[in-house]
There are 2 protein chains.
Amino acid sequence: MRWWGWGDPARSPALPPHAVGFLREAGIETAARPPVALGAVRLPAPRLAATVLAQLRDIVGPDAVRDDHAERVLHAAGKGYPDLVRLRAGEPEDGPDAVVHPGAHDEVRRVLELCAQASIAVVPFGGGTSVVGGVAPLRGEHGGVVSLDMGRMGEVLALDAQSATVRVQAGMRAPALERHLGARGLTLGHFPQSFEYVSLGGCAATRSAGQASTGYGAIEKMVLGLRMAAPAAEIELPAMPATAAGPGLRQLLVGSEGVLGVISELALRVRPAPRERVYEGVFFTDFDNGVQALRTLTREHAMPDLARLSDEQETRMSLALAGGGGAKGMLGRLYLGLRGYREGCIAILGFEGAPEEVAFRRSRALKLVRGCGGLGVGRSPGEAWLRSRFSAPYLRDELLTLGVMVETLETATPWSNLRNLHGRVCAAIGDALSAHGTPGIVMCHVSHLYETGASLYFTFIAQQREGDEIAQWRAVKDAASDAIVAGGGTITHHHAIGRDHVPWMLQEVGSGGLAALGALKSELDPTGIMNPDKLLPLSHRG
Amino acid sequence: MRWWGWGDPARSPALPPHAVGFLREAGIETAARPPVALGAVRLPAPRLAATVLAQLRDIVGPDAVRDDHAERVLHAAGKGYPDLVRLRAGEPEDGPDAVVHPGAHDEVRRVLELCAQASIAVVPFGGGTSVVGGVAPLRGEHGGVVSLDMGRMGEVLALDAQSATVRVQAGMRAPALERHLGARGLTLGHFPQSFEYVSLGGCAATRSAGQASTGYGAIEKMVLGLRMAAPAAEIELPAMPATAAGPGLRQLLVGSEGVLGVISELALRVRPAPRERVYEGVFFTDFDNGVQALRTLTREHAMPDLARLSDEQETRMSLALAGGGGAKGMLGRLYLGLRGYREGCIAILGFEGAPEEVAFRRSRALKLVRGCGGLGVGRSPGEAWLRSRFSAPYLRDELLTLGVMVETLETATPWSNLRNLHGRVCAAIGDALSAHGTPGIVMCHVSHLYETGASLYFTFIAQQREGDEIAQWRAVKDAASDAIVAGGGTITHHHAIGRDHVPWMLQEVGSGGLAALGALKSELDPTGIMNPDKLLPLSHRG
């Protein structure tokens with residue numbers, strides 16, 4: 001992983017050559033802004049006492065505690081927009097004093113006990129892909145901070161094919177698990193945009209949702225059991241298909257974001273790998289129509305496994321970036337214009353499973369969608385989407401190198417509020433961008449369908465205000481977050497709270513909810529070393 | 001509701017006349033044991049101070065605090081086997097000092113504050129249908145105990161048809177909600193065997209699962225938001241289709257069994273009422289074959305909405321009780337015997353939804369089931385099952401009046417362990433019955449399918465040991481519970497922990513899980529007035 005961005009440094013650029021022209025038409029000028037060299041990144045000197053380092057090495061092994069520059073830079077931030085702005089400028093806020101790589105659950109537990117004694121903050125680090133500051137090396141009130149990199153704990157512990165359950169160490173990366181399962185005709189079916197790098201423990205700790213969560217469910221539906229090491233307790237909940245034995249402790253640890261303890265092992269539901277997979281495009285004359293169609297699918301028990309409806313702006317952008325030669329471009333020119341869909345919205349619907357089941361579900365869903373004014377345009381848009389499903393973070397890097405801000409944020413809300421919230425948040429983002437002198441592009445798609453509502457995923461693009469990037473970003477982020485919460489959405493559908501969303505947590509769960517979480521925190525982590533200043537506002541940390 | 005049993009006292013008997021003969025063939029003798037008269041039920045005198053009664057009346061109104069004999073008897077126990085044995089003998093363990101009927105959330109809150117001040121235990125009471133001692137009027141360390149009857153809080157607060165969400169007061173009974181929804185073409189789809197009496201708050205507090213939970217999900221899948229009044233906090237979580245804002249607080253309050261606070265309002269997912277409903281019978285030559293077929297349905301994404309597979313003993317019993325004239329009897333004689341299914345197992349598969357969807361799913365499922373050796377025998381067994389789906393508690397009353405013990409218990413476990421656990425628990429129950437000199441009938445069905453496992457629901461029937469009924473029951477219950485937990489099952493799939501399962505809670509969630517729950521309890525209910533001696537073992541009550 002690039003220390004200043006996303007993915008393999010050797011990967012070739014993906015931004016189409018005409019993109020700069022498209023941005024310029026939208027009033028966004030570009031300017032070369034490459035990242036600094038790794039050696040130029042400034043970090044404070046590591047502060048752990050030699051005795052503590054020695055104790056840590058006693059626990060995890062001599063090579064598994066690192067405090068060299070490259071390692072500290074790689075663990076200095078996640079992959080949010082402000083993270084990358086700071087890293088590329090060579091000025092991360094801080095770095096961990098050391099990076100600790102435990103190899104087993106018991107090593108995690110002993111590291112936590114040591115850190116609790118020594119008052120050292122512990123920041124669990126899976127794939128390091130948080131976009132909300134979840135892995136920022138914040139030390140809170142403590143004298144030191146270590147990043148607890150779970151990468152060595154990447155094994156499959158047990159596969160129960162008959163029960164469709166796999167038990168893994170929490171540091172296992174999603175692609176490694178898919179490879180293991182795929183060789184046995186199985187899949188987890190969890191494909192977030194960050195799929196290439198995420199760890200499964202990180203997914204569970206942040207309530208991650210894969211792109212096909214409409215069919216496969218978000219990670220919370222997949223976690224059947226887990227093991228957590230906390231400074232003052234261990235919790236082990238075996239894999240059960242279901243239980244009525246009291247409050248839902250499994251769901252309490254899912255989403256705990258490293259502030260209660262470290263998820264070290266997980267039991268996950270798996271499925272047969274789909275024998276058939278059809279992803280295709282549908283056009284709607286407008287966003288309203290598309291929303292109505294998706295809602296109809298949920299009501300009629302006809303949900304695809306993946307559904308994603310771009311609003312007019314996102315449709316325009318994706319057709320433009322696809323260029324004039326592709327299927328979408330052709331459709332846009334020759335066909336849609338004639339039928340009144342030119343200014344419309346594109347949706348991708350994906351169906352996976354046994355061939356006869358896919359055939360029936362697809363045909364039924366398309367019939368319902370046509371009844372709502374949808375126009376099926378075949379597989380090529382779906383296949384194009386599948387090819388580029390993980391590419392957005394790569395494009396972001398290229399845009400940053402052109403001095404362009406690009407950021408995403410998401411919410412979920414009931415169907416009856418979806419159009420209202422979409423309008424409010426788009427307006428809030430657009431207004432905030434304009435107010436800071438950098439009007440930009442604001443776009444959105446609906447995805448992750450539920451019977452009762454759906455997620456809205458916003459993207460905004462604007463010219464960076466050089467030297468003032470963080471304040472520029474924060475103004476827009478705050479405006480969007482306020483609009484989301486005031487407008488009846490949740491502050492996050494699948495990015496978690498991390499550091500960035502903490503100011504909205506009180507509105508999300510109320511003071512009673514915070515009191516309950518604070519009591520849990522006090523019980524499991526009485527000295528408050530676990531991921532300080534994340535998830536919980538300061539007054540509710542027990 | 002009968003004070004000594006189940007249902008409307010005017011309802012006519014349902015036990016077929018030849019049942020006594022069937023029991024006798026199994027070695028179970030009957031003897032007339034009618035319940036005592038209501039006036040003969042012994043209860044200690046109510047112990048609340050007049051000042052406290054006056055304060056309670058100030059909060060909820062003068063007629064909404066009752067301490068007359070009939071009211072106290074009705075709230076003296078739930079509907080478990082030991083409850084009914086004690087009530088019918090006129091000797092409940094205790095009664096509430098008063099029954100308080102709040103009319104609104106704020107009244108609940110004020111009652112809790114008063115009771116916390118006055119050291120009075122509060123036992124939330126919905127439909128009063130707990131079979132695990134969940135509504136027993138235990139006072140713990142407190143000087144008094146009130147039963148908090150939620151029956152006055154039975155209104156629909158809001159219906160958002162577009163979002164398929166309804167908000168109700170927690171005391172609303174399931175049939176009232178189904179009537180309200182049915183008039184609008186909707187259904188909740190939650191039909192536990194206790195459907196006729198359960199409150200929705202009670203369902204949520206106990207993680208209830210309806211008979212069609214395979215398709216509709218258990219109550220935990222339906223609860224989108226809730227409001228809880230606790231002695232030291234209020235928690236209000238709005239209806240959201242999904243959120244990644246930290247730990248799953250909604251799922252933490254679902255299953256809280258009244259020990260953290262009182263669920264006062266709920267937002268629930270609803271669905272279109274099914275336009276088509278097909279329930280039918282399938283025979284298998286043995287239980288193994290049937291289990292394999294159900295597992296295949298889950299693996300192939302071909303689950304019915306209801307699935308229920310009786311083992312050989314339960315099949316024999318239900319065919320026998322259906323008598324010689326019905327469809328099942330005919331099939332048993334004329335057809336199944338010829339095909340090798342006479343000693344086999346019956347399954348009921350139910351499909352609900354839009355007609356074209358039901359047709360496809362049914363045909364696909366039956367094809368898969370036939371591939372596993374299943375023999376479809378048409379709709380009449382399914383329709384017979386639908387007609388009698390709520391009748392078991394009525395039959396139990398009649399058996400108790402004949403001096404016969406009948407009790408049920410349930411678990412869930414992964415598919416790979418299902419046959420093993422079935423064998424172990426049946427053996428443990430059978431051995432315990434025999435060891436106490438009352439050999440009986442032990443039977444089981446698989447139901448509530450998940451991709452990763454299923455529930456096992458055991459029924460046992462034996463002659464009561466007169467004068468020693470509770471010890472007789474406890475020996476069998478303990479043996480079954482030990483076998484379940486040692487055998488890799490959960491101590492309860494949908495009956496909850498209540499009082500009866502507390503001894504197995506440590507094995508269920510471990511000491512770390514109990515510590516977490518104890519910390520929550522201390523935070524929300526610092527004086528421990530909420531439903532004492534339920535759910536949590538004594539050392540983990542904060």
# chains A, B, ... in the order shown; residues from 1 in each chain; ligands from 1
call {"tool": "select_by_dssp", "arguments": {"residues": "stretch 29-99 of chain A", "states": "alpha helix (DSSP H)", "output": "compact mmCIF listing (two decimals) with C-alpha atoms, in the first residue's frame"}}
result
# COMPACT_ATOMS: atom_id res chain seq x y z
CA ALA A 50 13.32 1.43 26.23
CA THR A 51 12.03 -0.78 29.03
CA VAL A 52 8.52 -0.71 27.56
CA LEU A 53 9.82 -1.51 24.10
CA ALA A 54 11.72 -4.42 25.57
CA GLN A 55 8.60 -5.67 27.36
CA LEU A 56 6.59 -5.39 24.16
CA ARG A 57 9.27 -7.36 22.29
CA ASP A 58 9.18 -9.99 25.02
CA ILE A 59 5.50 -10.49 24.28
CA VAL A 60 5.33 -10.41 20.49
CA HIS A 69 10.27 5.96 10.00
CA ALA A 70 8.56 4.06 7.16
CA GLU A 71 6.57 1.86 9.51
CA ARG A 72 5.48 4.81 11.65
CA VAL A 73 4.41 6.80 8.56
CA LEU A 74 2.38 3.86 7.28
CA TYR A 81 -9.26 12.89 2.68
CA PRO A 82 -7.64 14.89 5.51
CA ASP A 83 -5.30 11.96 6.20
CA LEU A 84 -4.05 11.96 2.63
CA VAL A 85 -3.78 15.75 2.44
CA ARG A 86 -1.57 15.76 5.52
CA LEU A 87 0.52 12.75 4.51
CA ARG A 88 1.13 14.02 0.99
call {"tool": "closest_atom_pairs", "arguments": {"of": "stretch 251-293 of chain B", "to": "stretch 494-505 of chain B", "cutoff": "10 Å", "atoms": "only C-alpha atoms", "output": "tab-separated table"}}
result
residue	atom	partner	partner_atom	distance
B:Gly255	CA	B:Ala496	CA	7.4
B:Ser256	CA	B:Ala496	CA	9.4
B:Glu257	CA	B:Gly498	CA	7.1
B:Gly258	CA	B:Gly498	CA	9.5
B:Val259	CA	B:Gly498	CA	9.8
call {"tool": "select_by_dssp", "arguments": {"residues": "stretch 322-484 of chain A", "states": "strand (DSSP E or B)", "output": "VMD selection string"}}
result
chain A and resid 345 to 353 375 to 378 404 to 414 441 to 450 453 to 463
call {"tool": "write_last_selection", "arguments": {"atoms": "N, CA and C atoms", "output": "compact mmCIF listing (two decimals), in the first residue's frame"}}
result
# COMPACT_ATOMS: atom_id res chain seq x y z
N CYS A 345 -31.12 8.98 -15.02
CA CYS A 345 -30.28 8.36 -14.00
C CYS A 345 -30.03 6.91 -14.37
N ILE A 346 -28.82 6.46 -14.10
CA ILE A 346 -28.51 5.05 -14.36
C ILE A 346 -28.50 4.28 -13.04
N ALA A 347 -29.00 3.08 -13.11
CA ALA A 347 -28.90 2.16 -11.97
C ALA A 347 -28.19 0.90 -12.43
N ILE A 348 -27.44 0.30 -11.52
CA ILE A 348 -26.87 -1.02 -11.76
C ILE A 348 -27.61 -2.00 -10.84
N LEU A 349 -28.12 -3.05 -11.43
CA LEU A 349 -28.75 -4.12 -10.65
C LEU A 349 -27.95 -5.39 -10.87
N GLY A 350 -27.60 -6.05 -9.77
CA GLY A 350 -26.80 -7.28 -9.86
C GLY A 350 -27.52 -8.44 -9.20
N PHE A 351 -27.47 -9.58 -9.86
CA PHE A 351 -28.12 -10.79 -9.36
C PHE A 351 -27.09 -11.91 -9.31
N GLU A 352 -27.04 -12.63 -8.21
CA GLU A 352 -26.06 -13.70 -8.05
C GLU A 352 -26.75 -14.93 -7.47
N GLY A 353 -26.28 -16.09 -7.86
CA GLY A 353 -26.81 -17.31 -7.25
C GLY A 353 -26.84 -18.46 -8.22
N LEU A 375 -35.72 1.55 -18.00
CA LEU A 375 -35.37 1.05 -19.34
C LEU A 375 -34.10 0.22 -19.21
N GLY A 376 -34.22 -1.08 -19.38
CA GLY A 376 -33.05 -1.95 -19.31
C GLY A 376 -32.12 -1.68 -20.48
N VAL A 377 -30.82 -1.55 -20.21
CA VAL A 377 -29.86 -1.28 -21.28
C VAL A 377 -28.78 -2.36 -21.32
N GLY A 378 -29.07 -3.51 -20.73
CA GLY A 378 -28.18 -4.66 -20.92
C GLY A 378 -27.00 -4.71 -19.97
N VAL A 404 -7.05 18.57 -6.66
CA VAL A 404 -8.51 18.52 -6.59
C VAL A 404 -8.94 17.73 -5.34
N MET A 405 -9.84 18.34 -4.58
CA MET A 405 -10.42 17.66 -3.43
C MET A 405 -11.51 16.70 -3.88
N VAL A 406 -11.48 15.48 -3.39
CA VAL A 406 -12.60 14.58 -3.62
C VAL A 406 -12.87 13.84 -2.32
N GLU A 407 -14.12 13.83 -1.91
CA GLU A 407 -14.47 13.23 -0.63
C GLU A 407 -15.84 12.59 -0.75
N THR A 408 -16.05 11.57 0.06
CA THR A 408 -17.35 10.89 0.06
C THR A 408 -17.88 10.83 1.49
N LEU A 409 -19.19 10.75 1.62
CA LEU A 409 -19.80 10.53 2.92
C LEU A 409 -21.16 9.88 2.68
N GLU A 410 -21.67 9.23 3.70
CA GLU A 410 -22.84 8.39 3.48
C GLU A 410 -23.76 8.41 4.68
N THR A 411 -25.00 8.05 4.44
CA THR A 411 -26.00 7.98 5.49
C THR A 411 -26.99 6.89 5.09
N ALA A 412 -27.99 6.68 5.92
CA ALA A 412 -29.13 5.84 5.56
C ALA A 412 -30.35 6.47 6.19
N THR A 413 -31.48 6.26 5.58
CA THR A 413 -32.71 6.86 6.09
C THR A 413 -33.89 6.07 5.56
N PRO A 414 -35.05 6.18 6.21
CA PRO A 414 -36.23 5.47 5.70
C PRO A 414 -36.62 5.95 4.29
N ILE A 441 -18.63 19.90 -7.76
CA ILE A 441 -19.61 18.91 -8.22
C ILE A 441 -20.08 18.12 -7.00
N VAL A 442 -21.40 17.98 -6.84
CA VAL A 442 -21.97 17.19 -5.75
C VAL A 442 -22.85 16.12 -6.37
N MET A 443 -22.59 14.89 -6.01
CA MET A 443 -23.39 13.81 -6.60
C MET A 443 -23.62 12.71 -5.58
N CYS A 444 -24.48 11.80 -5.94
CA CYS A 444 -24.95 10.83 -4.93
C CYS A 444 -25.46 9.57 -5.62
N HIS A 445 -25.34 8.46 -4.92
CA HIS A 445 -26.12 7.30 -5.35
C HIS A 445 -26.82 6.65 -4.16
N VAL A 446 -27.92 5.99 -4.49
CA VAL A 446 -28.64 5.16 -3.52
C VAL A 446 -28.06 3.75 -3.63
N SER A 447 -27.79 3.15 -2.49
CA SER A 447 -27.30 1.77 -2.54
C SER A 447 -27.67 1.09 -1.24
N HIS A 448 -27.28 -0.17 -1.07
CA HIS A 448 -27.56 -0.89 0.18
C HIS A 448 -29.04 -0.78 0.54
N LEU A 449 -29.85 -1.49 -0.20
CA LEU A 449 -31.31 -1.42 0.00
C LEU A 449 -31.75 -2.26 1.20
N TYR A 450 -32.72 -1.74 1.90
CA TYR A 450 -33.42 -2.46 2.96
C TYR A 450 -34.90 -2.33 2.70
N GLY A 453 -35.70 1.23 3.98
CA GLY A 453 -34.96 2.42 3.59
C GLY A 453 -33.72 2.03 2.80
N ALA A 454 -32.81 2.97 2.67
CA ALA A 454 -31.61 2.71 1.89
C ALA A 454 -30.53 3.68 2.31
N SER A 455 -29.36 3.43 1.80
CA SER A 455 -28.22 4.31 2.03
C SER A 455 -28.14 5.36 0.93
N LEU A 456 -27.62 6.54 1.28
CA LEU A 456 -27.29 7.58 0.29
C LEU A 456 -25.78 7.81 0.41
N TYR A 457 -25.11 7.78 -0.71
CA TYR A 457 -23.65 7.89 -0.71
C TYR A 457 -23.29 9.10 -1.57
N PHE A 458 -22.76 10.12 -0.93
CA PHE A 458 -22.47 11.39 -1.60
C PHE A 458 -20.98 11.49 -1.96
N THR A 459 -20.71 12.07 -3.10
CA THR A 459 -19.34 12.39 -3.49
C THR A 459 -19.30 13.86 -3.85
N PHE A 460 -18.27 14.56 -3.39
CA PHE A 460 -18.11 15.93 -3.87
C PHE A 460 -16.69 16.19 -4.31
N ILE A 461 -16.58 17.03 -5.31
CA ILE A 461 -15.30 17.31 -5.98
C ILE A 461 -15.19 18.81 -6.13
N ALA A 462 -14.04 19.35 -5.75
CA ALA A 462 -13.85 20.80 -5.90
C ALA A 462 -12.34 21.08 -5.96
N GLN A 463 -12.03 22.26 -6.38
CA GLN A 463 -10.64 22.67 -6.40
C GLN A 463 -10.14 22.83 -4.96
call {"tool": "closest_residue", "arguments": {"among": "A:Ala354, A:Gly127, A:Glu196, A:Leu48", "to": "A:Ser391", "atoms": "only C-alpha atoms"}}
result
A:Glu196
call {"tool": "closest_residue", "arguments": {"among": "A:His101, A:Arg465, A:Arg424, A:Arg419", "to": "A:Ala480", "atoms": "only C-alpha atoms"}}
result
A:Arg424
call {"tool": "closest_residue", "arguments": {"among": "A:Arg227, A:Arg66, A:His180, A:Lys534", "to": "A:Leu138", "atoms": "only C-alpha atoms"}}
result
A:Lys534
call {"tool": "closest_residue", "arguments": {"among": "B:Pro355, B:Pro16, B:Pro46, B:Gly27", "to": "B:Ala320", "atoms": "only C-alpha atoms"}}
result
B:Pro16
call {"tool": "atom_distance", "arguments": {"atom1": "atom CA of B:Pro241", "atom2": "atom CA of B:Leu188"}}
result
15.8 Å
call {"tool": "residues_around", "arguments": {"residues": "A:Arg379", "least_positions_apart": "6", "cutoff": "9 Å", "atoms": "only C-alpha atoms", "output": "list in words"}}
result
Val278, Tyr279, Glu280 and Gly281 of chain A
